[in-house]
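K.L.:
Sharing model34.cif (mmCIF, C-alpha atoms) below.
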data_data
#
loop_
_atom_site.label_atom_id
_atom_site.label_comp_id
_atom_site.auth_asym_id
_atom_site.auth_seq_id
_atom_site.Cartn_x
_atom_site.Cartn_y
_atom_site.Cartn_z
CA MET W 1 0.00 0.00 0.00
CA ASN W 2 1.27 3.47 -0.72
CA LYS W 3 1.13 6.21 1.89
CA GLU W 4 -2.22 7.54 0.74
CA GLU W 5 -3.81 4.10 0.88
CA GLN W 6 -2.32 3.54 4.32
CA VAL W 7 -3.81 6.81 5.57
CA TYR W 8 -7.26 5.96 4.23
CA SER W 9 -7.09 2.48 5.70
CA LEU W 10 -6.08 3.81 9.11
CA LEU W 11 -8.73 6.56 9.09
CA SER W 12 -11.36 4.09 7.99
CA ASP W 13 -10.56 1.80 10.94
CA ILE W 14 -10.63 4.59 13.49
CA LEU W 15 -13.54 6.62 12.18
CA GLY W 16 -15.69 3.71 11.04
CA LYS W 17 -16.21 5.20 7.56
CA ASP W 18 -15.17 3.50 4.35
CA ALA W 19 -12.37 4.90 2.24
CA GLU W 20 -14.70 6.07 -0.52
CA TYR W 21 -16.67 8.18 1.94
CA LEU W 22 -13.47 9.68 3.33
CA LYS W 23 -12.17 10.45 -0.17
CA SER W 24 -15.37 12.25 -1.10
CA HIS W 25 -15.27 14.25 2.16
CA ALA W 26 -11.52 14.80 2.20
CA ALA W 27 -11.77 18.58 2.45
CA GLU W 28 -14.44 18.63 5.15
CA THR W 29 -13.83 19.53 8.75
CA GLY W 30 -15.80 17.96 11.58
CA LEU W 31 -15.28 14.31 10.63
CA TRP W 32 -13.80 13.57 14.05
CA ASP W 33 -14.04 14.85 17.60
CA SER W 34 -11.33 15.46 20.21
CA LEU W 35 -11.32 11.83 21.38
CA LYS W 36 -10.98 10.47 17.86
CA ARG W 37 -8.38 13.13 17.04
CA ILE W 38 -6.13 11.80 19.76
CA GLU W 39 -6.54 8.24 18.45
CA LEU W 40 -5.68 9.50 14.98
CA VAL W 41 -2.53 11.25 16.18
CA PHE W 42 -1.25 8.18 17.99
CA ALA W 43 -2.09 5.84 15.13
CA LEU W 44 -0.58 8.06 12.42
CA GLU W 45 2.58 8.67 14.42
CA GLU W 46 3.02 4.96 15.03
CA GLN W 47 2.21 3.94 11.45
CA PHE W 48 4.51 6.47 9.80
CA GLU W 49 7.12 6.69 12.58
CA VAL W 50 6.79 10.44 12.92
CA THR W 51 6.09 12.90 15.72
CA PHE W 52 3.85 15.77 14.75
CA SER W 53 4.87 19.21 15.90
CA PRO W 54 2.31 21.40 17.70
CA ALA W 55 1.88 23.37 14.48
CA GLN W 56 1.11 20.19 12.58
CA ILE W 57 -1.34 19.07 15.27
CA ALA W 58 -3.17 22.37 14.75
CA GLU W 59 -3.44 21.60 11.03
CA LEU W 60 -4.95 18.12 11.40
CA LYS W 61 -8.48 19.23 10.60
CA THR W 62 -9.36 17.35 7.40
CA VAL W 63 -8.42 14.14 5.64
CA GLN W 64 -6.59 16.21 3.03
CA ASN W 65 -4.59 17.97 5.75
CA ILE W 66 -3.49 14.57 7.06
CA LEU W 67 -2.48 13.41 3.59
CA ASP W 68 -0.50 16.60 3.04
CA ILE W 69 1.31 16.41 6.37
CA VAL W 70 2.03 12.69 6.21
CA GLY W 71 3.11 13.03 2.60
CA LYS W 72 5.85 15.40 3.64
CA ALA W 73 7.00 13.16 6.50
CA MET P 1 -14.12 33.81 49.63
CA LYS P 2 -14.15 31.24 46.93
CA GLU P 3 -11.75 28.32 47.35
CA ARG P 4 -8.75 28.49 45.00
CA ILE P 5 -8.61 25.08 43.40
CA ILE P 6 -5.59 23.74 41.56
CA VAL P 7 -5.59 20.16 40.38
CA SER P 8 -2.84 18.36 38.48
CA GLY P 9 -3.03 15.29 36.30
CA PHE P 10 -0.48 13.44 34.21
CA GLY P 11 0.31 16.07 31.62
CA TYR P 12 -1.87 19.07 32.51
CA ARG P 13 -3.27 20.96 35.43
CA LEU P 14 -6.23 23.25 36.04
CA ARG P 15 -5.65 26.51 37.87
CA PRO P 16 -8.03 29.46 38.35
CA VAL P 17 -8.05 32.12 35.66
CA GLU P 18 -6.46 35.42 36.64
CA VAL P 19 -6.80 38.91 35.26
CA THR P 20 -3.44 38.47 33.54
CA ASP P 21 -5.00 35.68 31.43
CA ALA P 22 -7.18 38.18 29.57
CA GLN P 23 -5.17 38.16 26.34
CA PHE P 24 -4.84 34.37 26.37
CA ILE P 25 -8.60 34.01 26.79
CA ILE P 26 -9.26 36.33 23.86
CA ASP P 27 -6.68 34.63 21.64
CA THR P 28 -7.96 31.15 22.48
CA ARG P 29 -11.65 31.94 22.03
CA LEU P 30 -11.00 33.71 18.72
CA GLU P 31 -8.49 31.20 17.38
CA ASP P 32 -10.83 29.03 15.34
CA ALA P 33 -13.40 30.82 13.20
CA GLY P 34 -15.29 27.59 12.52
CA ARG P 35 -15.78 27.01 16.21
CA ASN P 36 -16.71 30.60 17.03
CA CYS P 37 -20.27 30.30 15.76
CA PHE P 38 -21.00 27.96 18.66
CA ILE P 39 -19.73 30.16 21.48
CA HIS P 40 -20.75 33.59 22.67
CA PRO P 41 -18.87 36.35 20.88
CA ILE P 42 -16.02 37.86 22.80
CA SER P 43 -14.66 41.33 22.39
CA PRO P 44 -11.01 41.45 21.33
CA ASP P 45 -10.56 44.33 23.77
CA VAL P 46 -8.23 43.27 26.57
CA ALA P 47 -9.51 45.92 28.99
CA GLU P 48 -13.06 44.61 28.63
CA GLN P 49 -11.91 41.06 29.29
CA GLU P 50 -9.89 42.19 32.30
CA ALA P 51 -12.96 43.97 33.69
CA TRP P 52 -15.03 40.80 33.23
CA LEU P 53 -12.36 38.74 35.00
CA LYS P 54 -12.12 41.20 37.91
CA ALA P 55 -15.89 41.02 38.36
CA HIS P 56 -15.88 37.26 38.04
CA VAL P 57 -13.15 36.35 40.50
CA ASP P 58 -15.45 36.62 43.54
CA VAL P 59 -18.59 35.13 42.02
CA GLU P 60 -19.58 32.20 44.17
CA ASP P 61 -20.27 28.80 42.66
CA ASP P 62 -18.53 29.76 39.43
CA TYR P 63 -15.13 28.26 38.70
CA TYR P 64 -13.15 29.16 35.59
CA PHE P 65 -9.86 27.45 34.93
CA VAL P 66 -6.88 27.69 32.65
CA VAL P 67 -5.61 24.32 31.38
CA GLU P 68 -1.82 24.37 31.65
CA ASN P 69 0.80 22.04 30.23
CA LEU P 70 2.75 20.64 33.19
CA ILE P 71 6.01 20.40 31.25
CA THR P 72 6.07 23.77 29.52
CA GLY P 73 3.90 25.71 31.99
CA GLU P 74 2.11 27.17 29.00
CA PRO P 75 -1.67 27.64 28.98
CA GLU P 76 -3.39 25.51 26.37
CA GLY P 77 -7.08 25.88 27.10
CA LEU P 78 -9.98 26.91 29.30
CA ILE P 79 -12.75 25.10 31.13
CA GLY P 80 -15.31 26.04 33.74
CA ILE P 81 -17.93 24.82 36.22
CA TYR P 82 -20.84 27.14 37.00
CA HIS P 83 -24.58 27.41 37.73
CA ARG P 84 -23.96 25.32 40.81
CA LYS P 85 -27.16 24.55 42.72
CA ASP P 86 -28.35 21.70 44.94
CA GLY P 87 -25.36 19.51 44.22
CA VAL P 88 -25.54 19.90 40.44
CA ALA P 89 -23.56 22.20 38.15
CA GLU P 90 -23.03 22.85 34.49
CA TRP P 91 -19.58 22.62 32.92
CA GLY P 92 -18.41 24.31 29.79
CA ARG P 93 -16.51 27.41 28.68
CA TRP P 94 -14.37 24.62 27.22
CA VAL P 95 -11.97 25.78 24.54
CA ILE P 96 -8.62 24.13 23.80
CA ARG P 97 -5.95 25.54 21.50
CA LYS P 98 -5.80 23.85 18.08
CA SER P 99 -2.21 22.72 18.58
CA SER P 100 -2.97 21.06 21.92
CA LEU P 101 -4.01 17.56 22.94
CA ALA P 102 -5.24 18.73 26.34
CA ALA P 103 -8.93 18.11 25.67
CA VAL P 104 -9.15 14.67 27.22
CA GLU P 105 -7.30 15.39 30.44
CA SER P 106 -8.93 18.80 30.88
CA VAL P 107 -12.29 17.07 31.09
CA ASP P 108 -11.03 14.43 33.52
CA LEU P 109 -9.56 17.15 35.76
CA MET P 110 -12.86 19.02 35.59
CA TYR P 111 -14.65 15.92 36.84
CA GLN P 112 -12.13 15.63 39.67
CA VAL P 113 -12.79 19.22 40.68
CA ALA P 114 -16.53 18.64 40.52
CA PHE P 115 -16.69 15.41 42.50
CA GLU P 116 -13.64 15.53 44.79
CA TYR P 117 -13.26 19.24 45.57
CA LEU P 118 -16.74 20.72 45.12
CA LYS P 119 -18.46 17.52 46.30
CA LEU P 120 -21.06 17.75 43.59
CA ASN P 121 -23.42 14.87 42.87
CA GLU P 122 -23.70 15.57 39.18
CA VAL P 123 -22.35 17.76 36.40
CA TYR P 124 -23.84 18.26 32.98
CA SER P 125 -22.78 19.84 29.72
CA ALA P 126 -25.07 21.67 27.32
CA THR P 127 -23.89 21.48 23.72
CA LEU P 128 -25.57 23.35 20.91
CA CYS P 129 -27.38 20.91 18.65
CA GLN P 130 -25.44 22.17 15.62
CA ASN P 131 -22.02 21.66 17.20
CA LYS P 132 -21.50 18.19 15.81
CA ALA P 133 -17.85 17.71 16.77
CA VAL P 134 -18.44 18.51 20.44
CA LEU P 135 -21.66 16.50 20.49
CA SER P 136 -19.71 13.56 19.13
CA PHE P 137 -17.12 13.95 21.89
CA HIS P 138 -19.78 13.86 24.59
CA ASP P 139 -21.67 11.01 22.94
CA ASN P 140 -18.47 8.95 22.72
CA MET P 141 -17.36 9.75 26.25
CA VAL P 142 -20.64 9.73 28.16
CA LYS P 143 -22.46 7.41 25.79
CA LYS P 144 -25.92 8.71 26.65
CA ARG P 145 -27.82 11.95 26.24
CA THR P 146 -30.00 13.18 29.07
CA GLY P 147 -32.26 15.39 27.02
CA ILE P 148 -32.68 18.62 25.10
CA ILE P 149 -32.61 22.04 26.72
CA LYS P 150 -34.91 24.18 24.61
CA ASN P 151 -34.01 27.82 24.03
CA TYR P 152 -30.74 27.26 25.85
CA THR P 153 -28.97 30.36 24.61
CA VAL P 154 -28.96 33.16 22.06
CA ILE P 155 -25.85 33.80 19.98
CA ASN P 156 -25.79 36.62 17.45
CA GLY P 157 -29.57 36.90 17.63
CA ILE P 158 -30.20 33.20 16.98
CA THR P 159 -31.80 31.01 19.67
CA TYR P 160 -30.27 27.57 20.03
CA ASN P 161 -31.40 24.37 21.71
CA ALA P 162 -28.75 22.32 23.45
CA VAL P 163 -28.15 18.64 24.06
CA LYS P 164 -27.62 17.76 27.71
CA HIS P 165 -25.14 15.10 28.83
CA SER P 166 -25.22 14.42 32.58
CA VAL P 167 -22.65 12.50 34.59
CA ASN P 168 -23.01 11.67 38.26
CA LYS P 169 -20.16 10.72 40.53
CA GLN P 170 -20.72 6.97 40.34
CA TYR P 171 -20.98 7.02 36.57
CA TYR P 172 -17.73 8.96 36.27
CA TYR P 173 -15.82 6.51 38.45
CA GLU P 174 -17.32 3.41 36.82
CA TYR P 175 -17.47 4.30 33.15
CA ILE P 176 -15.48 7.40 32.27
CA ARG P 177 -12.47 7.91 34.48
CA SER P 178 -10.33 4.95 33.38
CA GLU P 179 -10.72 5.69 29.66
CA LEU P 180 -9.92 9.36 30.10
CA GLN P 181 -6.95 8.70 32.35
CA SER P 182 -5.42 6.00 30.17
CA LYS P 183 -5.51 8.41 27.23
CA ALA P 184 -4.23 11.26 29.42
CA LEU P 185 -1.26 9.17 30.55
CA ARG P 186 -0.37 8.32 26.97
CA ILE P 187 -0.63 11.97 25.98
CA SER P 188 1.62 13.02 28.85
CA GLU P 189 4.28 10.53 27.72
CA ARG P 190 3.99 11.93 24.22
CA ASN P 191 4.25 15.48 25.57
CA LYS P 192 7.63 14.64 27.14
CA LYS P 193 8.86 13.38 23.78
CA VAL P 194 7.48 16.41 21.94
CA ASN P 195 9.08 18.78 24.41
CA LYS P 196 12.48 17.18 23.83
CA LEU P 197 12.10 17.27 20.05
CA PHE P 198 10.63 20.71 19.56
CA HIS P 199 11.46 22.83 22.59
CA GLU P 200 14.85 21.78 23.87
#
Render the structure in this file as structure tokens.
P.N.:
Amino acid sequence: MNKEEQVYSLLSDILGKDAEYLKSHAAETGLWDSLKRIELVFALEEQFEVTFSPAQIAELKTVQNILDIVGKA
Amino acid sequence: MKERIIVSGFGYRLRPVEVTDAQFIIDTRLEDAGRNCFIHPISPDVAEQEAWLKAHVDVEDDYYFVVENLITGEPEGLIGIYHRKDGVAEWGRWVIRKSSLAAVESVDLMYQVAFEYLKLNEVYSATLCQNKAVLSFHDNMVKKRTGIIKNYTVINGITYNAVKHSVNKQYYYEYIRSELQSKALRISERNKKVNKLFHE
């Protein structure tokens, strides 16, 4: 799986939405709450062996934001 | 005089707001435009906020806290308990900076203040029906809604209903505390790592 596919797979597991739904709502905010956000941070950091900076945490608002940040990691 | 309550957790602590927090309160409440439609507007004028804080400091049964990072000492959010009556109070004024992961522990510390310091029997939150992200948080944490508060508040001339989530002391200890604290512990361990990487 490439990085994008890994992100969608991980988000799908945590958020309980299929990848197609997430792709069609990639630019939307509000897909997760504060509890889910923390799960996402831990899972993404573990999966991609990164540590997000506070500035990056602030940017994790949409699926597209996650793809952009992980893509640069 | 109102008791000055400070409570520390794994990675964060709650301490009472002070007049010197005026700018932080303004900056935090205005930080996210998308969120602002669900909270009462705040003036960006520091003097007005300072005046509100000076008037507030002695109001009984109203507790307003700054959420502080225990490692950096920096404020990262706000939370409050108010409308206290007959062993029940509302909690809210809950705003966390976008770059922070303090949300989970701030709520656990609020519950500790409510049940262990203020000896309340129950606390409830009132979330505007349109505020889906916060509603989701409460639904996932509390897992049950108590009801709807009709005509809960007016913001910018629009009247909103609110969803009520109530938690009593027993429910907190049995169903909520361990999940919040296990996440809070993990976040605090991450905070130590982040501090080394980005601040040292």
K.L.:
Can you list, as a ChimeraX atom specification, the residues that the PyMOL selection byres ((chain W) within 6 of (chain P)) selects here?
P.N.:
/W:30,33,54-55,57-58
K.L.:
Excluding Asp61 of chain P and any residue of its chain fewer than 2 positions from it, enumerate the residues within 7 Å of it, using all atoms listed in the file, and give them as an mmCIF file with C-alpha atoms, in the coordinates of the input.
P.N.:
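Saved result, out_25.cif, follows:
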data_model
loop_
_atom_site.group_PDB
_atom_site.id
_atom_site.type_symbol
_atom_site.label_atom_id
_atom_site.label_comp_id
_atom_site.auth_asym_id
_atom_site.auth_seq_id
_atom_site.Cartn_x
_atom_site.Cartn_y
_atom_site.Cartn_z
ATOM 1 C CA VAL P 59 -18.590 35.130 42.020
ATOM 2 C CA TYR P 63 -15.130 28.260 38.700
ATOM 3 C CA TYR P 82 -20.840 27.140 37.000
ATOM 4 C CA HIS P 83 -24.580 27.410 37.730
ATOM 5 C CA ARG P 84 -23.960 25.320 40.810
#
K.L.:
Counting all atoms listed in the file, figure out which residue out of W:Ser9, W:Thr29, W:Ser34, W:Asn65 gets nearest to Gln47 of chain W.
P.N.:
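The answer is W:Ser9, which sits nearest to Gln47 of chain W.
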K.L.:
Give me the result of the PyMOL selection byres ((chain W and resi 14-18) around 8) on this file, residue by residue, as a list of chain:residue names.
P.N.:
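On this input, the PyMOL selection byres ((chain W and resi 14-18) around 8) captures W:Leu10, W:Leu11, W:Ser12, W:Asp13, W:Ala19, W:Glu20, W:Tyr21, W:Leu22, W:Trp32, W:Lys36, W:Glu39, W:Leu40.
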K.L.:
Could you tell me which of W:Val50, W:Ile38, W:Glu59, W:Leu44 comes closest to Glu4 of chain W if we count only C-alpha atoms?
P.N.:
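The closest residue to Glu4 of chain W is W:Leu44.
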K.L.:
Calculate how many Å separate atom CA of Tyr175 of chain P from atom CA of Ser106 of chain P, rounding to one decimal.
P.N.:
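Rounded to one decimal, the two atoms are 17.0 Å apart.
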K.L.:
Calculate how many Å separate atom CA of Pro75 of chain P from atom CA of Phe24 of chain P, rounding to one decimal.
P.N.:
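Taking atom CA of Pro75 of chain P as the start and atom CA of Phe24 of chain P as the end point, the length is 7.9 Å.
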K.L.:
With distances taken over all atoms listed in the file, which residue among P:Asn121, P:Asn36, P:Asn69, P:Thr20 lies nearest Lys169 of chain P?
P.N.:
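Between P:Asn121, P:Asn36, P:Asn69, P:Thr20, the residue approaching Lys169 of chain P most closely is P:Asn121.
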K.L.:
Just how far from atom CA of Lys119 of chain P is atom CA of Trp94 of chain P, in Å to one decimal?
P.N.:
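Result for atom CA of Trp94 of chain P versus atom CA of Lys119 of chain P: 20.8 Å, one decimal.
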K.L.:
Determine, counting all atoms listed in the file, every residue of protein, DNA or RNA that lies within 12 Å of (-8.5, 36.5, 32.2) in the file coordinates, then give the result as a PyMOL selection string.
P.N.:
chain P and resi 15-29+45-57+64-66+75+77-78
K.L.:
For the provided coordinates, the residues matched by the PyMOL selection byres ((chain P and resi 168) around 8) should be stated as a PyMOL selection string.
P.N.:
chain P and resi 121-123+166-167+169-172
K.L.:
Give as a list in words every residue, naming chains and numbers as the document does, that has an atom within 12 Å of (0.1, 14.4, 4.4), counting all atoms listed in the file.
P.N.:
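Counting all atoms listed in the file, I find these residues within 12 Å of (0.1, 14.4, 4.4): Lys3, Glu4, Glu5, Gln6, Val7, Tyr8, Ala26, Leu44, Glu45, Phe48, Val50, Phe52, Gln56, Ile57, Glu59, Leu60, Lys61, Thr62, Val63, Gln64, Asn65, Ile66, Leu67, Asp68, Ile69, Val70, Gly71, Lys72 and Ala73 of chain W.
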K.L.:
Please save C-alpha atoms of the selected residues as a compact mmCIF listing (two decimals), in the coordinates of the input.
P.N.:
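Once written, again_10.txt looks like this:
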# COMPACT_ATOMS: atom_id res chain seq x y z
CA LYS W 3 1.13 6.21 1.89
CA GLU W 4 -2.22 7.54 0.74
CA GLU W 5 -3.81 4.10 0.88
CA GLN W 6 -2.32 3.54 4.32
CA VAL W 7 -3.81 6.81 5.57
CA TYR W 8 -7.26 5.96 4.23
CA ALA W 26 -11.52 14.80 2.20
CA LEU W 44 -0.58 8.06 12.42
CA GLU W 45 2.58 8.67 14.42
CA PHE W 48 4.51 6.47 9.80
CA VAL W 50 6.79 10.44 12.92
CA PHE W 52 3.85 15.77 14.75
CA GLN W 56 1.11 20.19 12.58
CA ILE W 57 -1.34 19.07 15.27
CA GLU W 59 -3.44 21.60 11.03
CA LEU W 60 -4.95 18.12 11.40
CA LYS W 61 -8.48 19.23 10.60
CA THR W 62 -9.36 17.35 7.40
CA VAL W 63 -8.42 14.14 5.64
CA GLN W 64 -6.59 16.21 3.03
CA ASN W 65 -4.59 17.97 5.75
CA ILE W 66 -3.49 14.57 7.06
CA LEU W 67 -2.48 13.41 3.59
CA ASP W 68 -0.50 16.60 3.04
CA ILE W 69 1.31 16.41 6.37
CA VAL W 70 2.03 12.69 6.21
CA GLY W 71 3.11 13.03 2.60
CA LYS W 72 5.85 15.40 3.64
CA ALA W 73 7.00 13.16 6.50
K.L.:
Find the spatial neighbours of Gly92 of chain P, counting only C-alpha atoms, within a cut-off of 10 Å - ignore same-chain residues fewer than 2 positions away - and output them as a PyMOL selection string.
P.N.:
chain P and resi 64+78-82+90+94-95+107+110+124-127
K.L.:
Deliver the residues from the most recent selection as a file, using C-alpha atoms, as a compact mmCIF listing (two decimals), in the coordinates of the input.
P.N.:
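After the write, out_35.txt holds the following:
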# COMPACT_ATOMS: atom_id res chain seq x y z
CA TYR P 64 -13.15 29.16 35.59
CA LEU P 78 -9.98 26.91 29.30
CA ILE P 79 -12.75 25.10 31.13
CA GLY P 80 -15.31 26.04 33.74
CA ILE P 81 -17.93 24.82 36.22
CA TYR P 82 -20.84 27.14 37.00
CA GLU P 90 -23.03 22.85 34.49
CA TRP P 94 -14.37 24.62 27.22
CA VAL P 95 -11.97 25.78 24.54
CA VAL P 107 -12.29 17.07 31.09
CA MET P 110 -12.86 19.02 35.59
CA TYR P 124 -23.84 18.26 32.98
CA SER P 125 -22.78 19.84 29.72
CA ALA P 126 -25.07 21.67 27.32
CA THR P 127 -23.89 21.48 23.72
